[in-house]
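Enquirer: Sharing start01.cif below, mmCIF, C-alpha atoms:
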```
data_entry
#
loop_
_atom_site.group_PDB
_atom_site.id
_atom_site.type_symbol
_atom_site.label_atom_id
_atom_site.label_comp_id
_atom_site.auth_asym_id
_atom_site.auth_seq_id
_atom_site.Cartn_x
_atom_site.Cartn_y
_atom_site.Cartn_z
ATOM 1 C CA MET N 1 -19.212 -20.441 42.003
ATOM 2 C CA MET N 2 -18.630 -19.686 45.674
ATOM 3 C CA SER N 3 -15.191 -21.281 45.577
ATOM 4 C CA GLU N 4 -13.839 -19.336 48.540
ATOM 5 C CA LEU N 5 -16.977 -19.963 50.574
ATOM 6 C CA ALA N 6 -16.727 -23.681 49.844
ATOM 7 C CA ASP N 7 -13.120 -23.656 51.048
ATOM 8 C CA ARG N 8 -14.164 -22.001 54.302
ATOM 9 C CA ARG N 9 -16.959 -24.500 55.000
ATOM 10 C CA PRO N 10 -15.992 -27.725 56.821
ATOM 11 C CA ARG N 11 -15.939 -30.532 54.237
ATOM 12 C CA HIS N 12 -17.799 -32.918 56.545
ATOM 13 C CA HIS N 13 -20.648 -30.454 56.997
ATOM 14 C CA LEU N 14 -23.608 -31.109 54.701
ATOM 15 C CA VAL N 15 -26.569 -28.908 55.586
ATOM 16 C CA THR N 16 -29.910 -30.467 54.629
ATOM 17 C CA PRO N 17 -33.138 -29.680 56.511
ATOM 18 C CA GLN N 18 -34.314 -32.691 58.509
ATOM 19 C CA GLY N 19 -37.573 -32.282 60.397
ATOM 20 C CA ARG N 20 -39.356 -29.280 61.854
ATOM 21 C CA ARG N 21 -36.952 -28.782 64.756
ATOM 22 C CA HIS N 22 -33.953 -28.716 62.445
ATOM 23 C CA VAL N 23 -35.719 -26.275 60.115
ATOM 24 C CA ARG N 24 -36.351 -23.958 63.085
ATOM 25 C CA GLN N 25 -32.672 -24.174 64.024
ATOM 26 C CA LEU N 26 -31.611 -23.398 60.469
ATOM 27 C CA ARG N 27 -33.959 -20.413 60.245
ATOM 28 C CA HIS N 28 -32.626 -19.088 63.551
ATOM 29 C CA ALA N 29 -29.057 -19.517 62.331
ATOM 30 C CA LEU N 30 -29.863 -17.743 59.060
ATOM 31 C CA ALA N 31 -31.454 -14.881 61.003
ATOM 32 C CA ILE N 32 -28.696 -14.263 63.556
ATOM 33 C CA GLY N 33 -25.522 -15.261 61.719
ATOM 34 C CA THR N 34 -22.895 -12.602 61.113
ATOM 35 C CA VAL N 35 -21.901 -12.275 57.457
ATOM 36 C CA ALA N 36 -18.243 -13.338 57.546
ATOM 37 C CA HIS N 37 -17.749 -13.464 53.794
ATOM 38 C CA MET N 38 -19.854 -12.567 50.748
ATOM 39 C CA GLU N 39 -19.585 -13.295 47.032
ATOM 40 C CA LEU N 40 -21.743 -11.980 44.194
ATOM 41 C CA VAL N 41 -23.632 -14.716 42.351
ATOM 42 C CA PRO N 42 -22.779 -13.708 38.774
ATOM 43 C CA TRP N 43 -26.086 -14.447 37.062
ATOM 44 C CA GLY N 44 -29.660 -13.326 37.406
ATOM 45 C CA SER N 45 -31.242 -9.931 36.861
ATOM 46 C CA ASN N 46 -31.233 -8.910 40.556
ATOM 47 C CA ASP N 47 -28.296 -8.615 42.945
ATOM 48 C CA THR N 48 -27.796 -11.965 44.671
ATOM 49 C CA PHE N 49 -24.993 -12.882 47.068
ATOM 50 C CA ALA N 50 -23.716 -16.092 48.623
ATOM 51 C CA VAL N 51 -22.895 -15.407 52.273
ATOM 52 C CA LEU N 52 -21.014 -17.365 54.904
ATOM 53 C CA LEU N 53 -22.826 -16.906 58.223
ATOM 54 C CA GLU N 54 -20.880 -17.141 61.467
ATOM 55 C CA GLN N 55 -22.939 -18.431 64.413
ATOM 56 C CA ASP N 56 -22.797 -21.278 66.937
ATOM 57 C CA ILE N 57 -25.825 -23.270 65.769
ATOM 58 C CA VAL N 58 -24.831 -24.671 62.367
ATOM 59 C CA PRO N 59 -21.091 -24.403 61.586
ATOM 60 C CA GLY N 60 -20.153 -23.328 58.077
ATOM 61 C CA LEU N 61 -23.635 -22.193 57.111
ATOM 62 C CA ILE N 62 -24.024 -20.708 53.616
ATOM 63 C CA GLY N 63 -27.046 -18.641 52.639
ATOM 64 C CA ILE N 64 -28.273 -16.826 49.539
ATOM 65 C CA TYR N 65 -28.847 -13.134 50.299
ATOM 66 C CA LYS N 66 -31.168 -11.054 48.096
ATOM 67 C CA PRO N 67 -31.378 -7.439 49.292
ATOM 68 C CA ALA N 68 -34.374 -5.308 48.374
ATOM 69 C CA ARG N 69 -32.101 -2.517 47.156
ATOM 70 C CA GLY N 70 -30.602 -4.893 44.588
ATOM 71 C CA GLU N 71 -33.959 -5.573 42.911
ATOM 72 C CA VAL N 72 -34.129 -4.277 39.342
ATOM 73 C CA PRO N 73 -37.287 -2.156 38.888
ATOM 74 C CA LEU N 74 -40.063 -3.891 36.928
ATOM 75 C CA TRP N 75 -43.018 -2.301 35.180
ATOM 76 C CA ASP N 76 -45.532 -4.795 36.555
ATOM 77 C CA PHE N 77 -44.344 -5.579 40.106
ATOM 78 C CA PRO N 78 -44.155 -2.853 42.786
ATOM 79 C CA ALA N 79 -40.570 -1.817 43.498
ATOM 80 C CA GLY N 80 -38.890 -3.321 46.536
ATOM 81 C CA THR N 81 -41.434 -6.116 47.048
ATOM 82 C CA LEU N 82 -39.758 -9.159 45.507
ATOM 83 C CA TYR N 83 -38.074 -10.205 48.749
ATOM 84 C CA LYS N 84 -41.460 -10.092 50.497
ATOM 85 C CA ARG N 85 -42.975 -12.298 47.799
ATOM 86 C CA GLU N 86 -40.071 -14.717 48.153
ATOM 87 C CA TYR N 87 -40.727 -14.970 51.878
ATOM 88 C CA ALA N 88 -44.513 -15.221 51.465
ATOM 89 C CA SER N 89 -43.961 -18.135 49.077
ATOM 90 C CA TYR N 90 -41.808 -19.874 51.664
ATOM 91 C CA LEU N 91 -44.429 -19.354 54.391
ATOM 92 C CA LEU N 92 -47.189 -20.686 52.159
ATOM 93 C CA SER N 93 -45.157 -23.770 51.278
ATOM 94 C CA ARG N 94 -44.691 -24.509 54.981
ATOM 95 C CA VAL N 95 -48.401 -24.053 55.718
ATOM 96 C CA LEU N 96 -49.253 -26.500 52.937
ATOM 97 C CA GLY N 97 -46.637 -28.970 54.169
ATOM 98 C CA TRP N 98 -44.859 -28.764 50.813
ATOM 99 C CA THR N 99 -41.245 -28.461 51.922
ATOM 100 C CA PHE N 100 -39.507 -27.931 48.578
ATOM 101 C CA ILE N 101 -38.429 -24.313 49.285
ATOM 102 C CA PRO N 102 -35.248 -24.074 51.401
ATOM 103 C CA PRO N 103 -35.547 -22.390 54.828
ATOM 104 C CA THR N 104 -35.834 -18.634 54.310
ATOM 105 C CA VAL N 105 -35.822 -15.565 56.557
ATOM 106 C CA ILE N 106 -36.105 -11.809 56.173
ATOM 107 C CA ARG N 107 -33.252 -9.927 57.818
ATOM 108 C CA ASN N 108 -30.784 -7.087 57.435
ATOM 109 C CA GLY N 109 -27.487 -7.672 55.696
ATOM 110 C CA PRO N 110 -24.590 -5.650 54.287
ATOM 111 C CA TYR N 111 -26.917 -4.040 51.706
ATOM 112 C CA GLY N 112 -29.971 -3.689 53.907
ATOM 113 C CA ILE N 113 -33.116 -5.729 54.345
ATOM 114 C CA GLY N 114 -33.806 -8.733 52.152
ATOM 115 C CA THR N 115 -34.178 -12.489 52.240
ATOM 116 C CA VAL N 116 -31.536 -14.986 53.247
ATOM 117 C CA GLN N 117 -32.229 -18.544 52.104
ATOM 118 C CA LEU N 118 -30.345 -21.714 52.950
ATOM 119 C CA PHE N 119 -27.994 -22.717 50.132
ATOM 120 C CA ILE N 120 -28.693 -26.269 48.978
ATOM 121 C CA GLU N 121 -25.873 -27.731 46.924
ATOM 122 C CA PRO N 122 -27.419 -29.023 43.671
ATOM 123 C CA GLU N 123 -26.779 -32.267 41.873
ATOM 124 C CA ASP N 124 -25.229 -31.526 38.492
ATOM 125 C CA ARG N 125 -27.835 -33.296 36.368
ATOM 126 C CA PRO N 126 -31.312 -32.454 35.025
ATOM 127 C CA LEU N 127 -34.519 -33.667 36.667
ATOM 128 C CA ARG N 128 -35.609 -36.487 34.387
ATOM 129 C CA GLY N 129 -37.572 -39.667 34.929
ATOM 130 C CA SER N 130 -40.802 -40.745 36.583
ATOM 131 C CA SER N 131 -39.298 -40.740 40.097
ATOM 132 C CA PHE N 132 -39.680 -36.936 40.242
ATOM 133 C CA ARG N 133 -43.270 -36.873 38.998
ATOM 134 C CA SER N 134 -45.137 -36.443 42.301
ATOM 135 C CA GLN N 135 -42.739 -33.759 43.530
ATOM 136 C CA LEU N 136 -43.024 -31.801 40.285
ATOM 137 C CA GLN N 137 -46.829 -32.095 40.352
ATOM 138 C CA GLN N 138 -46.759 -30.423 43.756
ATOM 139 C CA ILE N 139 -44.505 -27.618 42.539
ATOM 140 C CA ALA N 140 -46.599 -27.107 39.394
ATOM 141 C CA LEU N 141 -49.707 -26.702 41.559
ATOM 142 C CA PHE N 142 -47.860 -24.310 43.862
ATOM 143 C CA ASP N 143 -46.941 -22.182 40.853
ATOM 144 C CA LEU N 144 -50.575 -22.080 39.740
ATOM 145 C CA LEU N 145 -51.628 -21.078 43.238
ATOM 146 C CA THR N 146 -49.007 -18.343 43.604
ATOM 147 C CA ASN N 147 -49.211 -17.188 39.973
ATOM 148 C CA ASN N 148 -45.479 -17.723 39.497
ATOM 149 C CA ALA N 149 -44.267 -15.555 36.616
ATOM 150 C CA ASP N 150 -40.789 -17.089 36.377
ATOM 151 C CA ARG N 151 -40.492 -20.869 36.794
ATOM 152 C CA LYS N 152 -37.351 -21.645 34.817
ATOM 153 C CA ALA N 153 -35.686 -25.056 34.620
ATOM 154 C CA SER N 154 -32.717 -23.687 36.575
ATOM 155 C CA HIS N 155 -35.053 -22.973 39.500
ATOM 156 C CA LEU N 156 -35.612 -26.708 40.056
ATOM 157 C CA PHE N 157 -32.907 -29.175 41.065
ATOM 158 C CA GLN N 158 -32.140 -32.244 43.118
ATOM 159 C CA GLY N 159 -30.076 -31.745 46.262
ATOM 160 C CA ARG N 160 -26.657 -33.317 45.946
ATOM 161 C CA PHE N 161 -26.712 -34.894 49.391
ATOM 162 C CA ASP N 162 -30.402 -35.369 50.251
ATOM 163 C CA ARG N 163 -31.676 -36.363 46.763
ATOM 164 C CA ARG N 164 -34.788 -34.217 47.223
ATOM 165 C CA VAL N 165 -36.254 -31.860 44.629
ATOM 166 C CA TRP N 166 -35.855 -28.202 45.601
ATOM 167 C CA GLY N 167 -37.385 -25.070 44.106
ATOM 168 C CA ILE N 168 -35.919 -21.567 44.391
ATOM 169 C CA ASP N 169 -36.508 -18.014 43.093
ATOM 170 C CA HIS N 170 -40.082 -17.139 44.041
ATOM 171 C CA GLY N 171 -39.858 -13.347 43.905
ATOM 172 C CA LEU N 172 -42.172 -12.949 40.895
ATOM 173 C CA THR N 173 -45.293 -14.338 42.536
ATOM 174 C CA PHE N 174 -48.735 -13.299 43.832
ATOM 175 C CA HIS N 175 -49.488 -10.740 41.116
ATOM 176 C CA VAL N 176 -53.178 -9.843 40.775
ATOM 177 C CA ASP N 177 -53.096 -10.330 36.977
ATOM 178 C CA PRO N 178 -52.487 -13.713 35.306
ATOM 179 C CA LYS N 179 -48.708 -13.972 34.994
ATOM 180 C CA LEU N 180 -47.941 -17.694 34.985
ATOM 181 C CA ARG N 181 -44.771 -18.543 33.062
ATOM 182 C CA THR N 182 -43.371 -22.002 33.613
ATOM 183 C CA VAL N 183 -41.393 -24.886 32.151
ATOM 184 C CA LEU N 184 -43.644 -27.403 33.953
ATOM 185 C CA TRP N 185 -45.986 -28.426 31.125
ATOM 186 C CA ASP N 186 -45.966 -32.193 31.735
ATOM 187 C CA PHE N 187 -49.277 -32.263 33.585
ATOM 188 C CA CYS N 188 -51.460 -30.056 31.378
ATOM 189 C CA GLY N 189 -55.011 -31.413 31.240
ATOM 190 C CA GLU N 190 -54.402 -33.998 33.967
ATOM 191 C CA PRO N 191 -56.397 -34.197 37.216
ATOM 192 C CA ILE N 192 -54.667 -32.704 40.240
ATOM 193 C CA PRO N 193 -53.775 -35.596 42.619
ATOM 194 C CA LEU N 194 -56.302 -36.084 45.416
ATOM 195 C CA THR N 195 -53.667 -35.626 48.124
ATOM 196 C CA LEU N 196 -52.854 -32.159 46.772
ATOM 197 C CA VAL N 197 -56.550 -31.282 46.469
ATOM 198 C CA ALA N 198 -56.912 -32.225 50.146
ATOM 199 C CA ASP N 199 -54.058 -29.857 50.998
ATOM 200 C CA LEU N 200 -55.857 -27.014 49.213
ATOM 201 C CA ARG N 201 -59.076 -27.764 51.097
ATOM 202 C CA ARG N 202 -57.160 -27.643 54.362
ATOM 203 C CA LEU N 203 -55.637 -24.328 53.321
ATOM 204 C CA LEU N 204 -59.093 -22.838 52.764
ATOM 205 C CA ARG N 205 -60.334 -24.172 56.102
ATOM 206 C CA HIS N 206 -57.559 -22.207 57.801
ATOM 207 C CA ARG N 207 -58.003 -19.133 55.641
ATOM 208 C CA ARG N 208 -58.143 -16.674 58.541
ATOM 209 C CA GLN N 209 -54.855 -17.838 60.074
ATOM 210 C CA VAL N 210 -53.091 -17.985 56.709
ATOM 211 C CA GLN N 211 -54.376 -14.518 55.840
ATOM 212 C CA ARG N 212 -52.834 -13.123 59.016
ATOM 213 C CA LEU N 213 -49.568 -14.917 58.287
ATOM 214 C CA LEU N 214 -49.222 -13.522 54.755
ATOM 215 C CA ALA N 215 -50.756 -10.062 55.246
ATOM 216 C CA PRO N 216 -47.489 -8.312 56.292
ATOM 217 C CA PHE N 217 -45.917 -9.244 52.947
ATOM 218 C CA LEU N 218 -48.705 -8.978 50.361
ATOM 219 C CA SER N 219 -51.376 -6.399 49.583
ATOM 220 C CA ALA N 220 -55.039 -6.971 50.408
ATOM 221 C CA GLU N 221 -55.864 -7.232 46.700
ATOM 222 C CA GLU N 222 -53.067 -9.741 46.093
ATOM 223 C CA LEU N 223 -54.364 -11.908 48.916
ATOM 224 C CA ALA N 224 -57.956 -11.682 47.691
ATOM 225 C CA VAL N 225 -56.949 -12.835 44.194
ATOM 226 C CA PHE N 226 -54.773 -15.573 45.721
ATOM 227 C CA TRP N 227 -57.816 -16.996 47.530
ATOM 228 C CA GLN N 228 -59.801 -16.781 44.289
ATOM 229 C CA ARG N 229 -57.139 -18.876 42.551
ATOM 230 C CA CYS N 230 -57.307 -21.426 45.355
ATOM 231 C CA ALA N 231 -61.120 -21.662 45.072
ATOM 232 C CA THR N 232 -60.919 -21.975 41.266
ATOM 233 C CA LEU N 233 -58.448 -24.847 41.496
ATOM 234 C CA LEU N 234 -60.704 -26.638 43.957
ATOM 235 C CA ALA N 235 -63.791 -26.092 41.808
ATOM 236 C CA ARG N 236 -62.010 -27.617 38.793
ATOM 237 C CA PRO N 237 -59.016 -29.649 40.043
ATOM 238 C CA ILE N 238 -57.274 -30.040 36.702
ATOM 239 C CA TYR N 239 -53.909 -28.690 35.597
ATOM 240 C CA PRO N 240 -54.834 -26.136 32.914
ATOM 241 C CA VAL N 241 -53.707 -26.386 29.311
ATOM 242 C CA LEU N 242 -51.135 -23.625 28.899
ATOM 243 C CA ASN N 243 -50.583 -21.155 26.100
ATOM 244 C CA PRO N 244 -47.192 -21.427 24.333
ATOM 245 C CA ARG N 245 -47.207 -17.711 23.573
ATOM 246 C CA ARG N 246 -48.012 -16.470 27.097
ATOM 247 C CA ASN N 247 -46.877 -19.152 29.533
ATOM 248 C CA ILE N 248 -43.209 -19.679 28.583
ATOM 249 C CA PRO N 249 -40.698 -17.980 30.910
ATOM 250 C CA TYR N 250 -38.196 -15.541 29.499
ATOM 251 C CA GLY N 251 -34.739 -16.958 28.929
ATOM 252 C CA TRP N 252 -32.817 -14.553 31.142
#
```
As C-alpha cells, how would this structure be written, given the file I've shared?

Expert:
Amino acid sequence: MMSELADRRPRHHLVTPQGRRHVRQLRHALAIGTVAHMELVPWGSNDTFAVLLEQDIVPGLIGIYKPARGEVPLWDFPAGTLYKREYASYLLSRVLGWTFIPPTVIRNGPYGIGTVQLFIEPEDRPLRGSSFRSQLQQIALFDLLTNNADRKASHLFQGRFDRRVWGIDHGLTFHVDPKLRTVLWDFCGEPIPLTLVADLRRLLRHRRQVQRLLAPFLSAEELAVFWQRCATLLARPIYPVLNPRRNIPYGW
C-alpha cells in the first residue's frame, strides 16, 4: 500500500502528534497542503485515497482523503454526511481529551470536499494483552457515546513509531437510532472507569459550547439523542451487555 508515497517521503521523517501545538501545526498542514500525489486505498466500501501533501510545515506529510462524492449511498445514513460525522467524531474526541483519533480536517481536494486525516503508520501486529486495556476502555466508551455502527478490528491499531493505540473510520456515527456494532466486547457488564465518568460529567457541564462546536456537522435531532446517550451512561456507568445478533459489525 502507498508504495510510491512511501518512496517520496523522507525516511527520517516519522509524523506522530506530540502535544497540542504540534497537533495544531499538523491540522494546518493537512488543511493547506497541495496534493502532490494520490493513490487509491484499495479496500473499503467508500472511495479513500492516500495523498502526499506539499507544504512547508511538515515535510513529507501523508494524509487519508475521503471525499463526500466517493461515499456509497446507505439506506440509513443521509447521503453525503459521512465526512461530517468523521470530523464531528474527531472534534468530540479532542473535547474529551481522548486523543486516539489522528488529526483531521475538512477541506477540498481533487474530488471535492471531504476529510483529510493524518496517516499513522500501523504496527503489523494485533492489539493483545493487558497493556492496551485502559486505552480500549476509552474507545469502547467513545463508541457507545457516538453510537458507532462500524467498529471493526482493522479500525484499531498501535502506531509503529509512537506505540499508541489509534482509532480510525468514524463515518458511521451519531445516528438517532441504536446502531452500535463493535468488536470491543471485553468490558461488557463492567463499571466504566471513574476517570472516564469524570470526563463525561465535564462534557455535560460544557454542553452549550460543545453543542455549538458540533452543530455545523450534525442535525439537531442527532445532537439531542447524543446528549441523551451521554446522560444515560452517567446515570448507569456500566458497559452494556451486547447482543451477538445486533452488535457485531459486518465483515466488509

Enquirer: Could you write out as a PyMOL selection string the residues that the PyMOL selection byres ((chain N and resi 53) around 6) matches in the shown file?

Expert: chain N and resi 33-36+52+54+61

Enquirer: Between N:His155, N:Arg201, N:Pro237, N:Asn247, which has the minimum distance to N:Trp185 (counting only C-alpha atoms)?

Expert: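 Of all the options, N:Asn247 lies closest to N:Trp185.
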
Enquirer: Report as a PyMOL selection string all protein, DNA and RNA residues lying within 10 Å of stretch 96-98 of chain N, evaluated on only C-alpha atoms, omitting residues in the same chain fewer than 6 positions from it.

Expert: chain N and resi 90+135+138-139+142+196+198-200+202-203

Enquirer: Quick one, how far is atom CA of N:Arg181 from atom CA of N:Ile248?

Expert: 4.9 Å

Enquirer: List as a VMD selection string the protein and nucleic acid residues near stretch 37-48 of chain N, meaning an atom at most 7 Å away when all atoms listed in the file are counted, but skip any in the same chain fewer than 5 places from it.

Expert: chain N and resid 2 64 to 66 70 to 72

Enquirer: For stretch 92-150 of chain N versus stretch 216-232 of chain N, which residues have an atom no more than 9 Å away, and what is each residue's nearest atom pair and distance in Å rounded to one decimal, using all atoms listed in the file, chain-then-number order, as a tab-separated table?

Expert:
```
residue	atom	partner	partner_atom	distance
N:Leu144	CA	N:Arg229	CA	7.8
N:Leu145	CA	N:Arg229	CA	6.0
N:Thr146	CA	N:Phe226	CA	6.7
N:Asn147	CA	N:Phe226	CA	8.2
```

Enquirer: From the set N:Val23, N:Gly109, N:Ala50, N:Ala149, which residue has the shortest atom-to-atom contact distance to N:Pro249, counting all atoms listed in the file?

Expert: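 Closest residue, counting all atoms listed in the file: N:Ala149.
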
Enquirer: Just the number, please: distance in Å from atom CA of N:Tyr87 to atom CA of N:Leu242, one decimal.

Expert: 26.7 Å
